[in-house]
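Notes to accompany the following structure.
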Number of protein chains: 2
Amino acid sequence: MSVTIKDVANAAGVSPSTVSRVINKKGVISPETEEKIFAVMKELNYIPNKTARSFASGSTMAIALIIDVADVRAYSNNFFNNSVFGIETVAHQNGYDLIITNGRRNDIEGSMENIVLSKKVDGIILPETMVKTDFLRKLDEMDFPYVILGQPPVSHQWCNWVDINNVQGGALAVEHLLDKGYRKIAFLSSGEKEVFNRNRIKGYQEALNQKQMPLFPDYIRHCQSSVESGLAIAKEMLTGENPPDAFICSDYYLGIGVKRAVAQVGLSIPSDIGLIFFDNSPVAELIEPSITTVDIDTLGLGQQAASILISKITDKQLGGRQTLIGTKIIERESTQRVKENRI
Amino acid sequence: MSVTIKDVANAAGVSPSTVSRVINKKGVISPETEEKIFAVMKELNYIPNKTARSFASGSTMAIALIIDVADVRAYSNNFFNNSVFGIETVAHQNGYDLIITNGRRNDIEGSMENIVLSKKVDGIILPETMVKTDFLRKLDEMDFPYVILGQPPVSHQWCNWVDINNVQGGALAVEHLLDKGYRKIAFLSSGEKEVFNRNRIKGYQEALNQKQMPLFPDYIRHCQSSVESGLAIAKEMLTGENPPDAFICSDYYLGIGVKRAVAQVGLSIPSDIGLIFFDNSPVAELIEPSITTVDIDTLGLGQQAASILISKITDKQLGGRQTLIGTKIIERESTQRVKENRI
DNA sequence: TATATTTATGCAAACAGTTGCATAAATTAA
DNA sequence: TTAATTTATGCAACTGTTTGCATAAATATA
C-alpha cells in the first residue's frame with residue numbers, strides 16, 4: 001500500500017534499523033549511508049507512519065488540552081482561542097500534536113481513561129476548574145506529565161502550573177485608579193468560589209492597604225457574570241450610603257452592567273465614576289466611552305503551559321514549575337477623571 | 001507494565017482474540033464468555049491501548065481540524081470557539097478524538113504530511129480559505145475523507161462542504177431593513193476576495209431585485225475589517241451625494257465604524273440610519289443602541305462538518321454532501337426606525 | 001445415525017516501526 | 001604484527017491489538 005521503512009531500506013541497500021536511526025538521528029551513521037537514505041526517502045516519498053512509531057517507541061508525540069465549556073467563559077471568549085493558539089504553536093515547534101478534549105463536566109475520569117490511560121498522549125494540560133485531587137494523585141502515581149492552567153488546591157501547589165498573576169492585576173487596577181484621582185474603589189467579582197476572583201480581590205486589598213486607603217468591606221461584591229447582575233449591584237451601591245467613585249469588574253459583562261447603572265443614576269464615566277474591567281476584550285475599545293482594562297496574556301499562558309509540559313515529558317525528573325504571567329493596564333477613557341493633557 | 005489484552009485473556013481463560021472480539025463487538029461470543037471477560041476487564045482495570053489498536057486496525061479514530069490564525073477572525077472571534085466545540089462534541093459522541101493543527105499560512109503541504117500521510121488521523125476538516133486545488137486533488141486520489149468549512153473552488157463544488165448560508169443572510173438583512181422602512185441600503189464588505197462576502201452581496205442584490213428596489217452599484221463597498229475603515233467609508237457615503245439610510249456590515253468592526261460615522265455627521269441610529277452586522281457577537285447587545293445582527297450558527301457548522309466527515313470515514317462510497325446552515329435575524333434597537341409598538 | 005450447518009473459540013500472522021545486542025570492518029594503541 | 005578500541009551496520013525481538021482461517025463442539029437436517 002504505502003511506502004514503509006522496509007521499502008526504503010531495500011531501495012537503499014541497508015537494513016530498516018539503519019533507516020530508523022537516520023530518521024531519529026540516533027547512533028552513528030556514515031555520511032554516505034545517511035545521504036543515500038535521505039535521497040531514497042525523498043525519491044519514494046516516504047513518510048514515517050506516526051501510529052507505528054508511537055506504538056514501537058511508546059511515546060505518542062501528542063499532548064491533550066482538556067477543557068470544559070464552562071471555563072471558556074470564565075476568563076473570556078478569547079481565553080480559549082488565544083490559549084489554544086499558544087499551546088498549539090509551542091507543541092508544533094517541538095513536534096507534538098495537540099488533541100482537544102472536552103472534560104464534559106465532572107467526567108474528568110472519562111478524559112483520564114480516554115486520553116491518559118489509553119496511551120493516546122504523552123501529557124495533558126487542564127484548567128484548575130476541572131481539577132479533582134484524586135485525579136491529580138493518580139497522575140502523580142503514574143508519573144504522568146501534566147500542567148494546570150490556574151492555581152491548583154494547596155495539596156498540589158508544587159506541581160506544574162501556570163496562571164495569570166491575578167493578584168498583581170487587582171493591585172494594578174487599584175493603583176491606576178488612585179493615580180487618576182479616584183478614592184472609593186469597589187470590586188465586583190464574577191463569583192466567590194473562583195480562585196482568580198479571590199486573587200484579584202487579594203491584590204485589590206493589598207494595594208489599598210499599601211497606599212493606606214480605607215478598606216470598606218461592602219465594597220467587595222460577588223455577582224454573577226452578567227450585565228444584569230452588574231447593573232443591579234452597581235445601582236444599589238451608587239444609590240446607597242457611601243457610594244464608590246470607581247469600579248473594578250472581573251469581566252466585561254459586569255463592566256457593561258456598571259456602565260448602565262452609572263447612566264441610570266444620572267452620573268457619568270469617567271468624570272464621576274471610574275471603571276476598569278479585567279481581560280482586554282475587543283468590547284473595551286468599541287464602546288463609548290472606551291474602557292480601561294487589565295490585560296491578561298492568554299496567549300503567553302498557553303505557550304508557557306505547553307513549554308513546561310514538554311519539558312516535563314522530556315525529563316520526568318524535572319521538579320515543579322509555578323509560573324505567573326504578568327498583567328498590564330491598558331488605559332482608555334473610562335478612567336480619565338481629569339482630562340488628559342495630550343501633547 | 002500496564003494491563004494488556006493478554007493479561008485479560010489469561011485471567012479469563014480465553015484467547016486474546018476472544019477478548020478483542022468482545023471489546024469490538026465483532027463475531028459471535030457466548031453470553032457467559034462475554035460476561036466473564038467484562039468482569040475480568042473491570043477487575044484488572046483494563047483500558048485498551050489506543051495506539052496499538054490504531055496500529056493493528058489501520059484506523060486512528062481521530063480527525064483533525066486544520067486552521068489558520070487568519071481565519072479565526074474571518075468569521076468572528078467566536079467562530080473558532082463555537083465551531084471547535086461543535087466538532088469536538090460530535091467527534092466525541094462517535095468515539096473520535098480531535099486534533100487541532102495550525103495550517104501555518106501556505107504550509108498546507110506541511111499539514112498534509114504531518115497529519116494525513118503519516119496516518120495520524122482518519123479524516124480532516126479544513127476551512128475554505130486554506131484550500132489549494134492540488135491539495136484537494138491529492139486527497140481525492142488517496143480517497144482520504146475531508147470536509148471543507150465554506151464553499152470550495154468550482155472544481156470541487158461536489159466534494160463535502162458545509163457553509164453558512166451567506167446568500168440567505170444577505171437577503172434576510174435587506175428584507176428586514178425594508179420591512180422597517182429603510183429604503184437606501186448600503187453593504188460594507190470586509191474584503192472583495194472572501195467567498196462569504198461575495199455570497200452576502202449576492203443575497204443583498206437578489207433581495208433588492210426581488211423587492212424591485214433600485215440597486216446603486218456604489219452602495220457596495222469593500223473595506224478592510226476594521227473600525228477605521230468602516231468609519232471612513234461610511235462617513236464618505238453619508239456626506240456624499242445620494243447617501244444611504246441603512247448599512248449592512250460584514251462584521252462588527254465595520255459596524256462600529258458605521259456607528260461612529262453616523263454620530264460624527266450628526267445623524268442617529270435608528271431614527272435616521274439603520275444598521276445590521278453579521279455574526280451575533282456579544283458586542284451587539286452590549287453597545288447602545290444595541291445592534292440587529294444576522295446570526296450565524298457556527299456551532300451547528302462545526303457539528304455538521306464533523307458529522308459528515310465521520311459518515312464519509314465510515315462509508316467511503318458516500319457521495320458528496322453540500323450543506324448550507326441557515327441564518328437568522330436577531331432584532332435589536334438599531335433597526336427600529338419607527339418605535340416598536342410593544343404590547 | 002450420519003451428514004451438513006451453525007456457533008464459539010483459538011492460532012498465528014500481520015501492522016511498521018524501534019532498540020538492545022552482536023558483529024564485522026576500520027582504526028588506534030601496544 | 002597483534003590486541004584493543006571505535007565505528008557502522010544488521011539481526012531479531014518486541015510493542016498490543018486485530019483478523020482471516022482453521023477447528024472443535026453443538027445443533028439441525030436428512
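Chain labels A, B, ... are given in the sequence in which chains occur in the C-alpha cells; within each chain residues are numbered consecutively from 1, and ligands are likewise numbered from 1 in the order shown.
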Between chain A and chain C, at 6 Å or less, what are the per-residue closest atom pairs and their distances in Å? Count only C-alpha atoms (C1' of nucleotides), order by chain and rising residue number, and return it as a tab-separated table.
residue	atom	partner	partner_atom	distance
A:Ala52	CA	C:DA16	C1'	5.1
A:Arg53	CA	C:DG17	C1'	5.2
A:Ala56	CA	C:DT18	C1'	5.5
A:Ser57	CA	C:DT18	C1'	5.8
Atoms to include: C-alpha atoms. Write the selected residues as a compact mmCIF listing (two decimals), in the first residue's frame.
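What landed in out07.txt:
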# COMPACT_ATOMS: atom_id res chain seq x y z
CA ALA A 52 3.60 2.69 14.17
CA ARG A 53 6.27 4.95 15.61
CA ALA A 56 7.06 0.95 18.83
CA SER A 57 8.61 3.76 20.80
Using only C-alpha atoms (C1' of nucleotides), find each residue in chain B having at least one atom no more than 10 Å away from chain D; report its shortest atom-to-atom pair and that distance in Å (one decimal), rows by chain then rising number, as a Markdown table.
| residue | atom | partner | partner_atom | distance |
| --- | --- | --- | --- | --- |
| B:Thr4 | CA | D:DG16 | C1' | 6.8 |
| B:Ile5 | CA | D:DG16 | C1' | 7.2 |
| B:Lys6 | CA | D:DG16 | C1' | 8.6 |
| B:Pro16 | CA | D:DT17 | C1' | 8.6 |
| B:Ser17 | CA | D:DT18 | C1' | 7.7 |
| B:Ser20 | CA | D:DT18 | C1' | 7.4 |
| B:Arg21 | CA | D:DT18 | C1' | 8.8 |
| B:Asn24 | CA | D:DT18 | C1' | 9.7 |
| B:Pro48 | CA | D:DG16 | C1' | 8.4 |
| B:Asn49 | CA | D:DG16 | C1' | 6.9 |
| B:Lys50 | CA | D:DT17 | C1' | 9.0 |
| B:Thr51 | CA | D:DG16 | C1' | 8.4 |
| B:Ala52 | CA | D:DG16 | C1' | 5.0 |
| B:Arg53 | CA | D:DT17 | C1' | 5.1 |
| B:Ser54 | CA | D:DT17 | C1' | 8.3 |
| B:Phe55 | CA | D:DT17 | C1' | 7.7 |
| B:Ala56 | CA | D:DT18 | C1' | 5.4 |
| B:Ser57 | CA | D:DT18 | C1' | 5.8 |
| B:Gly58 | CA | D:DT18 | C1' | 9.4 |
Residue neighbourhood region 181-185 of chain B, 7 Å, only C-alpha atoms (C1' of nucleotides), exclusion window fewer than 5 positions, as number ranges by chain: B: 244-247, 274, 337
Output C-alpha atoms for every residue in that selection, as a PDB file, in the first residue's frame.
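See selection.pdb below for the written result:
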ATOM      1  CA  PRO B 244     -27.831  55.629   2.124  1.00  0.00           C
ATOM      2  CA  ASP B 245     -30.242  55.334   5.021  1.00  0.00           C
ATOM      3  CA  ALA B 246     -29.085  51.919   6.181  1.00  0.00           C
ATOM      4  CA  PHE B 247     -25.932  49.796   6.324  1.00  0.00           C
ATOM      5  CA  GLY B 274     -30.454  51.612  10.151  1.00  0.00           C
ATOM      6  CA  ARG B 337     -36.834  53.339  12.554  1.00  0.00           C
TER       7      ARG B 337
END
Nearest candidate to Glu128 (chain B) (options B:Val162, B:Val28, B:Ile87, B:Val338; using only C-alpha atoms): B:Val162
Could the residues of chain B within 9 Å of chain A, counting only C-alpha atoms, be given as a PDB file with N, CA and C atoms, in the first residue's frame, please?
ATOM      1  N   ILE B  47      -7.665  -1.007  30.219  1.00  0.00           N
ATOM      2  CA  ILE B  47      -8.020   0.009  29.225  1.00  0.00           C
ATOM      3  C   ILE B  47      -7.239  -0.317  27.962  1.00  0.00           C
ATOM      4  N   PRO B  48      -7.921  -0.555  26.846  1.00  0.00           N
ATOM      5  CA  PRO B  48      -7.207  -0.890  25.610  1.00  0.00           C
ATOM      6  C   PRO B  48      -6.247   0.228  25.208  1.00  0.00           C
ATOM      7  N   ASN B  49      -5.121  -0.153  24.704  1.00  0.00           N
ATOM      8  CA  ASN B  49      -4.124   0.807  24.246  1.00  0.00           C
ATOM      9  C   ASN B  49      -4.519   1.322  22.860  1.00  0.00           C
ATOM     10  N   LYS B  50      -4.839   2.614  22.822  1.00  0.00           N
ATOM     11  CA  LYS B  50      -5.350   3.179  21.570  1.00  0.00           C
ATOM     12  C   LYS B  50      -4.345   3.110  20.442  1.00  0.00           C
ATOM     13  N   THR B  51      -3.101   3.349  20.791  1.00  0.00           N
ATOM     14  CA  THR B  51      -2.082   3.336  19.744  1.00  0.00           C
ATOM     15  C   THR B  51      -1.994   1.954  19.106  1.00  0.00           C
ATOM     16  N   ALA B  52      -1.987   0.950  19.949  1.00  0.00           N
ATOM     17  CA  ALA B  52      -1.896  -0.417  19.428  1.00  0.00           C
ATOM     18  C   ALA B  52      -3.124  -0.747  18.583  1.00  0.00           C
ATOM     19  N   SER B  54      -4.991   1.362  16.905  1.00  0.00           N
ATOM     20  CA  SER B  54      -4.880   2.074  15.633  1.00  0.00           C
ATOM     21  C   SER B  54      -3.936   1.339  14.719  1.00  0.00           C
ATOM     22  N   PHE B  55      -2.843   0.938  15.299  1.00  0.00           N
ATOM     23  CA  PHE B  55      -1.812   0.288  14.508  1.00  0.00           C
ATOM     24  C   PHE B  55      -2.345  -0.996  13.878  1.00  0.00           C
ATOM     25  N   GLY B  58      -5.627  -0.076  11.588  1.00  0.00           N
ATOM     26  CA  GLY B  58      -5.457   0.849  10.478  1.00  0.00           C
ATOM     27  C   GLY B  58      -6.344   2.067  10.566  1.00  0.00           C
ATOM     28  N   THR B  60      -7.437   5.317  13.030  1.00  0.00           N
ATOM     29  CA  THR B  60      -6.913   6.006  14.216  1.00  0.00           C
ATOM     30  C   THR B  60      -8.003   6.494  15.161  1.00  0.00           C
ATOM     31  N   ALA B  64      -8.754  15.588  12.295  1.00  0.00           N
ATOM     32  CA  ALA B  64      -8.015  16.817  12.538  1.00  0.00           C
ATOM     33  C   ALA B  64      -8.779  18.010  11.997  1.00  0.00           C
ATOM     34  N   VAL B  69      -4.608  31.059  11.769  1.00  0.00           N
ATOM     35  CA  VAL B  69      -4.968  32.166  12.639  1.00  0.00           C
ATOM     36  C   VAL B  69      -5.818  33.195  11.908  1.00  0.00           C
ATOM     37  N   VAL B  72      -9.568  32.756  11.906  1.00  0.00           N
ATOM     38  CA  VAL B  72     -10.304  32.878  13.143  1.00  0.00           C
ATOM     39  C   VAL B  72     -11.075  34.174  13.157  1.00  0.00           C
ATOM     40  N   ASN B  77     -14.626  36.280  16.365  1.00  0.00           N
ATOM     41  CA  ASN B  77     -13.849  35.664  17.436  1.00  0.00           C
ATOM     42  C   ASN B  77     -14.495  34.395  17.938  1.00  0.00           C
ATOM     43  N   ASN B  78     -15.784  34.326  17.757  1.00  0.00           N
ATOM     44  CA  ASN B  78     -16.467  33.156  18.274  1.00  0.00           C
ATOM     45  C   ASN B  78     -16.482  31.999  17.299  1.00  0.00           C
ATOM     46  N   PHE B  80     -14.145  30.275  15.787  1.00  0.00           N
ATOM     47  CA  PHE B  80     -13.260  29.185  16.149  1.00  0.00           C
ATOM     48  C   PHE B  80     -13.793  28.448  17.365  1.00  0.00           C
ATOM     49  N   ASN B  81     -14.005  29.259  18.387  1.00  0.00           N
ATOM     50  CA  ASN B  81     -14.558  28.783  19.633  1.00  0.00           C
ATOM     51  C   ASN B  81     -15.748  27.837  19.446  1.00  0.00           C
ATOM     52  N   VAL B  84     -15.249  24.740  17.011  1.00  0.00           N
ATOM     53  CA  VAL B  84     -14.448  23.686  17.628  1.00  0.00           C
ATOM     54  C   VAL B  84     -15.296  22.874  18.600  1.00  0.00           C
ATOM     55  N   PHE B  85     -16.120  23.568  19.371  1.00  0.00           N
ATOM     56  CA  PHE B  85     -16.969  22.816  20.293  1.00  0.00           C
ATOM     57  C   PHE B  85     -17.913  21.906  19.546  1.00  0.00           C
ATOM     58  N   GLU B  88     -15.848  19.005  18.229  1.00  0.00           N
ATOM     59  CA  GLU B  88     -15.382  18.119  19.294  1.00  0.00           C
ATOM     60  C   GLU B  88     -16.526  17.284  19.847  1.00  0.00           C
ATOM     61  N   THR B  89     -17.662  17.924  20.025  1.00  0.00           N
ATOM     62  CA  THR B  89     -18.800  17.222  20.602  1.00  0.00           C
ATOM     63  C   THR B  89     -19.232  16.041  19.738  1.00  0.00           C
ATOM     64  N   HIS B  92     -16.527  13.325  19.632  1.00  0.00           N
ATOM     65  CA  HIS B  92     -16.506  12.550  20.870  1.00  0.00           C
ATOM     66  C   HIS B  92     -17.668  11.566  20.941  1.00  0.00           C
ATOM     67  N   ASP B  97     -11.238  11.235  18.486  1.00  0.00           N
ATOM     68  CA  ASP B  97     -10.503  12.312  19.124  1.00  0.00           C
ATOM     69  C   ASP B  97     -10.295  13.420  18.108  1.00  0.00           C
ATOM     70  N   LEU B  98     -10.158  14.631  18.604  1.00  0.00           N
ATOM     71  CA  LEU B  98      -9.965  15.783  17.720  1.00  0.00           C
ATOM     72  C   LEU B  98      -8.564  16.347  17.872  1.00  0.00           C
ATOM     73  N   ILE B  99      -7.878  16.456  16.760  1.00  0.00           N
ATOM     74  CA  ILE B  99      -6.557  17.089  16.756  1.00  0.00           C
ATOM     75  C   ILE B  99      -6.671  18.432  16.076  1.00  0.00           C
ATOM     76  N   ILE B 100      -6.096  19.433  16.727  1.00  0.00           N
ATOM     77  CA  ILE B 100      -6.099  20.777  16.156  1.00  0.00           C
ATOM     78  C   ILE B 100      -4.719  21.036  15.594  1.00  0.00           C
ATOM     79  N   THR B 101      -4.661  21.484  14.375  1.00  0.00           N
ATOM     80  CA  THR B 101      -3.348  21.788  13.841  1.00  0.00           C
ATOM     81  C   THR B 101      -3.414  23.058  13.018  1.00  0.00           C
ATOM     82  N   ASN B 102      -2.427  23.898  13.241  1.00  0.00           N
ATOM     83  CA  ASN B 102      -2.411  25.198  12.594  1.00  0.00           C
ATOM     84  C   ASN B 102      -1.810  25.049  11.208  1.00  0.00           C
ATOM     85  N   GLU B 113       1.480  16.350   5.314  1.00  0.00           N
ATOM     86  CA  GLU B 113       2.472  15.369   5.697  1.00  0.00           C
ATOM     87  C   GLU B 113       2.295  14.981   7.160  1.00  0.00           C
ATOM     88  N   ASN B 114       2.140  16.003   7.969  1.00  0.00           N
ATOM     89  CA  ASN B 114       2.107  15.770   9.410  1.00  0.00           C
ATOM     90  C   ASN B 114       0.908  14.945   9.853  1.00  0.00           C
ATOM     91  N   ILE B 115      -0.190  15.162   9.195  1.00  0.00           N
ATOM     92  CA  ILE B 115      -1.442  14.613   9.695  1.00  0.00           C
ATOM     93  C   ILE B 115      -2.016  13.521   8.797  1.00  0.00           C
ATOM     94  N   LEU B 117      -0.616  12.003   5.646  1.00  0.00           N
ATOM     95  CA  LEU B 117       0.256  10.946   5.131  1.00  0.00           C
ATOM     96  C   LEU B 117       0.881  10.124   6.244  1.00  0.00           C
ATOM     97  N   SER B 118       1.047  10.718   7.391  1.00  0.00           N
ATOM     98  CA  SER B 118       1.685   9.982   8.482  1.00  0.00           C
ATOM     99  C   SER B 118       0.674   9.122   9.222  1.00  0.00           C
ATOM    100  N   LYS B 119      -0.540   9.053   8.681  1.00  0.00           N
ATOM    101  CA  LYS B 119      -1.556   8.165   9.242  1.00  0.00           C
ATOM    102  C   LYS B 119      -1.926   8.525  10.673  1.00  0.00           C
ATOM    103  N   LYS B 120      -1.973   9.809  10.916  1.00  0.00           N
ATOM    104  CA  LYS B 120      -2.280  10.224  12.285  1.00  0.00           C
ATOM    105  C   LYS B 120      -3.789  10.333  12.502  1.00  0.00           C
ATOM    106  N   VAL B 227     -12.506  49.092  12.417  1.00  0.00           N
ATOM    107  CA  VAL B 227     -13.373  50.210  12.768  1.00  0.00           C
ATOM    108  C   VAL B 227     -13.044  51.419  11.901  1.00  0.00           C
ATOM    109  N   TYR B 253     -16.612  45.032  13.428  1.00  0.00           N
ATOM    110  CA  TYR B 253     -15.667  46.147  13.371  1.00  0.00           C
ATOM    111  C   TYR B 253     -16.205  47.218  12.434  1.00  0.00           C
ATOM    112  N   ILE B 256     -19.209  49.007  14.010  1.00  0.00           N
ATOM    113  CA  ILE B 256     -18.862  50.047  14.977  1.00  0.00           C
ATOM    114  C   ILE B 256     -18.374  51.289  14.242  1.00  0.00           C
ATOM    115  N   PRO B 282     -21.281  39.135  21.109  1.00  0.00           N
ATOM    116  CA  PRO B 282     -21.804  39.753  22.329  1.00  0.00           C
ATOM    117  C   PRO B 282     -21.801  41.274  22.232  1.00  0.00           C
ATOM    118  N   VAL B 283     -20.872  41.803  21.463  1.00  0.00           N
ATOM    119  CA  VAL B 283     -20.800  43.255  21.297  1.00  0.00           C
ATOM    120  C   VAL B 283     -22.161  43.831  20.924  1.00  0.00           C
ATOM    121  N   LEU B 286     -24.342  44.707  23.744  1.00  0.00           N
ATOM    122  CA  LEU B 286     -23.727  45.456  24.835  1.00  0.00           C
ATOM    123  C   LEU B 286     -23.600  46.938  24.532  1.00  0.00           C
ATOM    124  N   ILE B 287     -23.559  47.281  23.250  1.00  0.00           N
ATOM    125  CA  ILE B 287     -23.400  48.692  22.944  1.00  0.00           C
ATOM    126  C   ILE B 287     -24.766  49.363  22.838  1.00  0.00           C
ATOM    127  N   GLU B 288     -24.757  50.699  22.829  1.00  0.00           N
ATOM    128  CA  GLU B 288     -26.008  51.445  22.764  1.00  0.00           C
ATOM    129  C   GLU B 288     -26.021  52.362  21.565  1.00  0.00           C
TER     130      GLU B 288
END
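Backbone DSSP over region 138-270 of chain B yields strand (DSSP E) at Tyr146, Val147, Ile148, Leu149, Trp161, Val162, Asp163, Ile164, Ile185, Ala186, Phe187, Leu188, Ser189, Ile220, Arg221, His222, Ala246, Phe247, Ile248 and Cys249 of chain B.
Near Ala261 (chain B), within a cut-off of 8 Å and counting only C-alpha atoms (C1' of nucleotides), sit the residues Leu231, Ala232, Ala234, Lys235, Gly257, Val258, Gln264 and Val265 of chain B, with same-chain residues fewer than 3 positions away left out.
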Output C-alpha atoms for every residue in the selection just made, as an mmCIF file, in the first residue's frame.
data_model
loop_
_atom_site.group_PDB
_atom_site.id
_atom_site.type_symbol
_atom_site.label_atom_id
_atom_site.label_comp_id
_atom_site.auth_asym_id
_atom_site.auth_seq_id
_atom_site.Cartn_x
_atom_site.Cartn_y
_atom_site.Cartn_z
ATOM 1 C CA LEU B 231 -15.826 54.804 9.761
ATOM 2 C CA ALA B 232 -14.020 56.373 6.828
ATOM 3 C CA ALA B 234 -19.451 55.274 5.905
ATOM 4 C CA LYS B 235 -18.635 58.921 6.517
ATOM 5 C CA GLY B 257 -17.161 52.192 12.352
ATOM 6 C CA VAL B 258 -20.523 52.989 10.784
ATOM 7 C CA GLN B 264 -19.922 62.253 13.511
ATOM 8 C CA VAL B 265 -22.164 63.508 10.740
#
Helix (DSSP H, G or I) positions in region 167-289 of chain B, given as a PyMOL selection string: chain B and resi 167-179+195-210+217-219+227-239+252-264+283-286
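For the pair CA of Pro153 (chain A) and CA of Thr293 (chain A), the separation is 28.1 Å.
The space between CA of Ser190 (chain B) and CA of Ile330 (chain B) spans 20.6 Å.
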Distance of CA of Val40 (chain B) from CA of Ala11 (chain B), expressed in Å to one decimal place: 6.8 Å
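Excluding Leu188 (chain A) and any residue on its chain fewer than 4 positions from it, the residues at most 6 Å away by only C-alpha atoms (C1' of nucleotides) are A:Arg221, A:His222, A:Cys249.
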Output C-alpha atoms for every residue in the selection just made, as a compact mmCIF listing (two decimals), in the first residue's frame.
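Output file result_34.txt follows:
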# COMPACT_ATOMS: atom_id res chain seq x y z
CA ARG A 221 -19.35 42.25 45.98
CA HIS A 222 -19.75 38.85 44.41
CA CYS A 249 -15.02 44.37 37.47
